[in-house]
$ cat model35.cif   # mmCIF, C-alpha atoms
data_work
#
loop_
_atom_site.label_atom_id
_atom_site.label_comp_id
_atom_site.auth_asym_id
_atom_site.auth_seq_id
_atom_site.Cartn_x
_atom_site.Cartn_y
_atom_site.Cartn_z
CA MET Z 1 23.29 112.76 209.97
CA GLY Z 2 25.80 115.58 210.00
CA GLN Z 3 25.69 116.07 213.76
CA ILE Z 4 26.12 112.39 214.70
CA TRP Z 5 29.77 112.37 213.61
CA GLU Z 6 30.48 115.40 215.81
CA ILE Z 7 28.55 113.90 218.74
CA LEU Z 8 30.49 110.64 218.44
CA HIS Z 9 33.75 112.56 218.80
CA LYS Z 10 32.85 114.51 221.92
CA PRO Z 11 34.77 113.14 224.92
CA ASP Z 12 31.66 112.85 227.12
CA THR Z 13 29.67 110.78 224.59
CA VAL Z 14 28.58 107.28 225.63
CA VAL Z 15 28.22 104.74 222.81
CA PHE Z 16 26.37 101.42 222.82
CA PHE Z 17 27.53 99.29 219.88
CA ASP Z 18 25.66 96.36 218.44
CA ILE Z 19 28.15 93.52 217.87
CA ASP Z 20 27.13 91.42 214.84
CA GLY Z 21 27.17 93.60 211.75
CA THR Z 22 28.71 96.52 213.65
CA LEU Z 23 31.87 95.39 215.44
CA THR Z 24 32.26 92.36 213.21
CA SER Z 25 31.02 91.51 209.76
CA TYR Z 26 28.68 88.62 209.12
CA ASN Z 27 31.32 86.63 207.22
CA TYR Z 28 31.14 83.59 209.47
CA GLY Z 29 30.57 80.90 206.84
CA ASP Z 30 32.60 79.50 203.98
CA HIS Z 31 30.09 80.44 201.28
CA HIS Z 32 27.47 82.48 203.13
CA ALA Z 33 27.34 85.48 205.43
CA HIS Z 34 26.09 83.28 208.26
CA HIS Z 35 27.68 80.06 209.38
CA GLU Z 36 26.34 77.07 207.48
CA LEU Z 37 25.27 75.43 210.76
CA ASP Z 38 23.20 78.46 211.79
CA TYR Z 39 19.77 77.38 213.13
CA THR Z 40 21.00 73.86 213.88
CA PRO Z 41 21.82 72.44 217.34
CA GLU Z 42 25.49 72.04 216.31
CA PHE Z 43 25.78 75.81 215.90
CA ARG Z 44 25.81 76.31 219.68
CA ASP Z 45 29.15 74.46 219.84
CA VAL Z 46 30.88 76.50 217.11
CA ASN Z 47 32.84 79.61 218.10
CA ILE Z 48 32.10 81.70 215.01
CA TYR Z 49 33.92 84.63 216.65
CA ALA Z 50 37.31 82.87 216.69
CA ASP Z 51 37.99 83.81 213.05
CA CYS Z 52 36.59 87.35 213.11
CA LYS Z 53 38.66 90.32 212.11
CA ARG Z 54 38.80 93.79 213.56
CA LEU Z 55 37.00 96.49 211.57
CA ASN Z 56 39.69 99.15 211.46
CA PRO Z 57 37.63 102.34 211.00
CA ILE Z 58 35.60 101.50 214.12
CA TYR Z 59 38.72 100.33 215.97
CA GLU Z 60 40.45 103.65 215.29
CA TYR Z 61 37.44 105.50 216.68
CA ILE Z 62 37.36 103.29 219.78
CA GLN Z 63 41.07 103.86 220.39
CA SER Z 64 40.46 107.61 220.45
CA HIS Z 65 37.54 107.40 222.91
CA ASP Z 66 37.39 106.70 226.66
CA VAL Z 67 36.68 102.96 226.95
CA ASN Z 68 34.72 103.66 230.14
CA ARG Z 69 32.10 105.28 227.91
CA LEU Z 70 31.88 102.40 225.41
CA TYR Z 71 29.44 99.49 225.74
CA CYS Z 72 27.89 96.75 223.64
CA ILE Z 73 24.32 95.50 223.40
CA SER Z 74 23.65 92.43 221.29
CA ARG Z 75 20.94 89.92 220.54
CA GLU Z 76 22.27 86.45 221.25
CA PRO Z 77 19.98 83.44 220.85
CA HIS Z 78 22.76 80.83 220.47
CA GLY Z 79 24.54 80.98 223.83
CA HIS Z 80 27.63 82.64 222.33
CA GLU Z 81 27.79 85.50 224.84
CA SER Z 82 31.21 84.64 226.26
CA TRP Z 83 32.74 84.16 222.79
CA LYS Z 84 31.30 87.49 221.62
CA SER Z 85 32.52 89.32 224.72
CA GLU Z 86 35.99 87.81 224.38
CA MET Z 87 36.18 88.90 220.72
CA VAL Z 88 35.05 92.45 221.56
CA GLU Z 89 37.64 92.73 224.33
CA ARG Z 90 40.44 91.20 222.23
CA PHE Z 91 39.84 93.29 219.10
CA TYR Z 92 38.50 96.54 220.52
CA GLY Z 93 39.54 96.71 224.17
CA ILE Z 94 35.94 97.09 225.35
CA PRO Z 95 35.76 95.07 228.59
CA ALA Z 96 33.55 91.99 228.63
CA SER Z 97 31.77 93.56 231.61
CA HIS Z 98 30.57 96.30 229.21
CA CYS Z 99 28.73 93.76 227.02
CA PHE Z 100 25.01 93.13 227.53
CA TYR Z 101 22.84 90.54 225.81
CA THR Z 102 19.21 89.78 225.12
CA LEU Z 103 17.32 87.03 223.33
CA ASP Z 104 14.94 89.56 221.81
CA ALA Z 105 16.18 92.63 219.90
CA SER Z 106 13.01 94.50 220.87
CA LYS Z 107 14.35 94.52 224.46
CA LYS Z 108 17.48 96.48 223.49
CA PRO Z 109 15.96 99.96 224.07
CA GLU Z 110 14.84 99.10 227.61
CA ILE Z 111 18.18 97.50 228.49
CA VAL Z 112 20.09 100.55 227.22
CA LYS Z 113 17.79 102.98 229.06
CA ASP Z 114 18.27 101.02 232.29
CA LYS Z 115 22.06 100.91 231.90
CA ILE Z 116 22.30 104.62 231.09
CA LYS Z 117 20.14 105.44 234.12
CA GLU Z 118 22.37 103.25 236.31
CA LEU Z 119 25.79 104.26 234.94
CA PHE Z 120 25.27 107.85 233.77
CA PRO Z 121 22.17 109.14 235.60
CA ASP Z 122 22.74 112.82 234.77
CA ILE Z 123 23.89 112.50 231.15
CA ASP Z 124 22.33 114.62 228.43
CA PRO Z 125 20.42 112.22 226.11
CA MET Z 126 22.15 113.90 223.15
CA SER Z 127 25.44 112.58 224.55
CA VAL Z 128 24.39 108.95 224.07
CA VAL Z 129 24.69 107.22 220.69
CA LEU Z 130 23.15 103.82 219.96
CA MET Z 131 24.87 102.21 216.98
CA ASP Z 132 23.23 99.30 215.17
CA ASP Z 133 23.18 97.91 211.64
CA ASN Z 134 19.54 96.81 211.82
CA ASP Z 135 16.94 99.32 210.61
CA GLU Z 136 14.20 97.84 212.80
CA THR Z 137 16.36 98.15 215.91
CA LEU Z 138 17.35 101.71 214.99
CA GLY Z 139 13.64 102.49 214.59
CA LEU Z 140 12.88 101.04 218.02
CA TYR Z 141 15.66 103.13 219.54
CA MET Z 142 14.24 106.26 217.91
CA LYS Z 143 10.72 105.46 219.09
CA GLU Z 144 11.52 104.27 222.61
CA THR Z 145 14.56 106.29 223.74
CA PRO Z 146 15.63 109.95 223.74
CA PHE Z 147 19.13 109.01 222.52
CA CYS Z 148 20.92 109.54 219.21
CA THR Z 149 21.19 106.68 216.75
CA ALA Z 150 23.84 105.82 214.18
CA HIS Z 151 24.49 103.16 211.57
CA PRO Z 152 28.06 101.77 211.43
CA MET Z 153 28.33 102.88 207.80
CA ILE Z 154 29.01 106.36 209.22
CA PHE Z 155 32.63 105.22 209.63
CA MET Z 156 32.88 104.34 205.94
CA GLU Z 157 31.35 107.65 204.89
CA ASN Z 158 33.96 109.57 206.86
CA LEU Z 159 37.11 107.77 205.69
#

$ encode --input "model35.cif" --output "structure tokens"
Amino acid sequence: MGQIWEILHKPDTVVFFDIDGTLTSYNYGDHHAHHELDYTPEFRDVNIYADCKRLNPIYEYIQSHDVNRLYCISREPHGHESWKSEMVERFYGIPASHCFYTLDASKKPEIVKDKIKELFPDIDPMSVVLMDDNDETLGLYMKETPFCTAHPMIFMENL
């Protein structure tokens, strides 16, 4: 883990952030981590991202990095893509056009590989960091891509 922090701070590093659990906490509900309407049809009409707060350690990192090298990849089964993208842009300055979505988290590695190939065709794989809070997704990234992986807790460890 020692080298990830240094890689993150190199100016040529490209980072793909997960959104839920990475750029925002899961504190969407009144008494639960998820919104109480989660998994109900009404949930599609609730902008759970309207009340989110910026996570300052990650924000400070983002402010020190070239936004043209920062992207998001998120699973989104509820149709909340535009609300998520708006929140990411408002709180972190990462353009909505840098946010990519999938219904299935297992598709994240392929989406990231395709985007890296398109946007940064000659980049060293050790200059790409995929940040996610989900252990299964991190495992898929490790298995299916040549890129570095990081958990968002790295920002808490280095405060």

$ closest_atom_pairs --input "model35.cif" --of "stretch 37-79 of chain Z" --to "stretch 123-133 of chain Z" --cutoff "10 Å" --atoms "only C-alpha atoms" --output "Markdown table"
| residue | atom | partner | partner_atom | distance |
| --- | --- | --- | --- | --- |
| Z:Arg69 | CA | Z:Val128 | CA | 9.4 |
| Z:Leu70 | CA | Z:Val129 | CA | 9.9 |
| Z:Tyr71 | CA | Z:Leu130 | CA | 9.6 |
| Z:Cys72 | CA | Z:Met131 | CA | 9.1 |
| Z:Ile73 | CA | Z:Leu130 | CA | 9.1 |
| Z:Ser74 | CA | Z:Asp132 | CA | 9.2 |

$ resolve_selection --input "model35.cif" --expression "the PyMOL selection byres ((chain Z and resi 67) around 10)" --output "PyMOL selection string"
chain Z and resi 14-15+62-66+68-71+92-95+98

$ write_last_selection --input "model35.cif" --atoms "C-alpha atoms" --output "short mmCIF file (atom, residue, chain, number, x, y, z; two decimals), keeping the file's coordinate frame"
data_model
loop_
_atom_site.label_atom_id
_atom_site.label_comp_id
_atom_site.auth_asym_id
_atom_site.auth_seq_id
_atom_site.Cartn_x
_atom_site.Cartn_y
_atom_site.Cartn_z
CA VAL Z 14 28.58 107.28 225.63
CA VAL Z 15 28.22 104.74 222.81
CA ILE Z 62 37.36 103.29 219.78
CA GLN Z 63 41.07 103.86 220.39
CA SER Z 64 40.46 107.61 220.45
CA HIS Z 65 37.54 107.40 222.91
CA ASP Z 66 37.39 106.70 226.66
CA ASN Z 68 34.72 103.66 230.14
CA ARG Z 69 32.10 105.28 227.91
CA LEU Z 70 31.88 102.40 225.41
CA TYR Z 71 29.44 99.49 225.74
CA TYR Z 92 38.50 96.54 220.52
CA GLY Z 93 39.54 96.71 224.17
CA ILE Z 94 35.94 97.09 225.35
CA PRO Z 95 35.76 95.07 228.59
CA HIS Z 98 30.57 96.30 229.21
#

$ residues_around --input "model35.cif" --residues "Z:Tyr101" --least-positions-apart "6" --cutoff "12 Å" --atoms "all atoms listed in the file" --output "MDAnalysis selection string"
chainID Z and resid 16:20 71:82 84:85 107:112

$ write_last_selection --input "model35.cif" --atoms "C-alpha atoms" --output "mmCIF file, in the coordinates of the input"
data_model
loop_
_atom_site.group_PDB
_atom_site.id
_atom_site.type_symbol
_atom_site.label_atom_id
_atom_site.label_comp_id
_atom_site.auth_asym_id
_atom_site.auth_seq_id
_atom_site.Cartn_x
_atom_site.Cartn_y
_atom_site.Cartn_z
ATOM 1 C CA PHE Z 16 26.370 101.420 222.820
ATOM 2 C CA PHE Z 17 27.530 99.290 219.880
ATOM 3 C CA ASP Z 18 25.660 96.360 218.440
ATOM 4 C CA ILE Z 19 28.150 93.520 217.870
ATOM 5 C CA ASP Z 20 27.130 91.420 214.840
ATOM 6 C CA TYR Z 71 29.440 99.490 225.740
ATOM 7 C CA CYS Z 72 27.890 96.750 223.640
ATOM 8 C CA ILE Z 73 24.320 95.500 223.400
ATOM 9 C CA SER Z 74 23.650 92.430 221.290
ATOM 10 C CA ARG Z 75 20.940 89.920 220.540
ATOM 11 C CA GLU Z 76 22.270 86.450 221.250
ATOM 12 C CA PRO Z 77 19.980 83.440 220.850
ATOM 13 C CA HIS Z 78 22.760 80.830 220.470
ATOM 14 C CA GLY Z 79 24.540 80.980 223.830
ATOM 15 C CA HIS Z 80 27.630 82.640 222.330
ATOM 16 C CA GLU Z 81 27.790 85.500 224.840
ATOM 17 C CA SER Z 82 31.210 84.640 226.260
ATOM 18 C CA LYS Z 84 31.300 87.490 221.620
ATOM 19 C CA SER Z 85 32.520 89.320 224.720
ATOM 20 C CA LYS Z 107 14.350 94.520 224.460
ATOM 21 C CA LYS Z 108 17.480 96.480 223.490
ATOM 22 C CA PRO Z 109 15.960 99.960 224.070
ATOM 23 C CA GLU Z 110 14.840 99.100 227.610
ATOM 24 C CA ILE Z 111 18.180 97.500 228.490
ATOM 25 C CA VAL Z 112 20.090 100.550 227.220
#

$ atom_distance --input "model35.cif" --atom1 "atom CA of Z:Phe147" --atom2 "atom CA of Z:Met87"
26.4 Å

$ closest_residue --input "model35.cif" --among "Z:Thr145, Z:Asn158, Z:Asn47, Z:Ser106" --to "Z:Trp5" --atoms "all atoms listed in the file"
Z:Asn158

$ atom_distance --input "model35.cif" --atom1 "atom CA of Z:Tyr59" --atom2 "atom CA of Z:Lys10"
16.5 Å
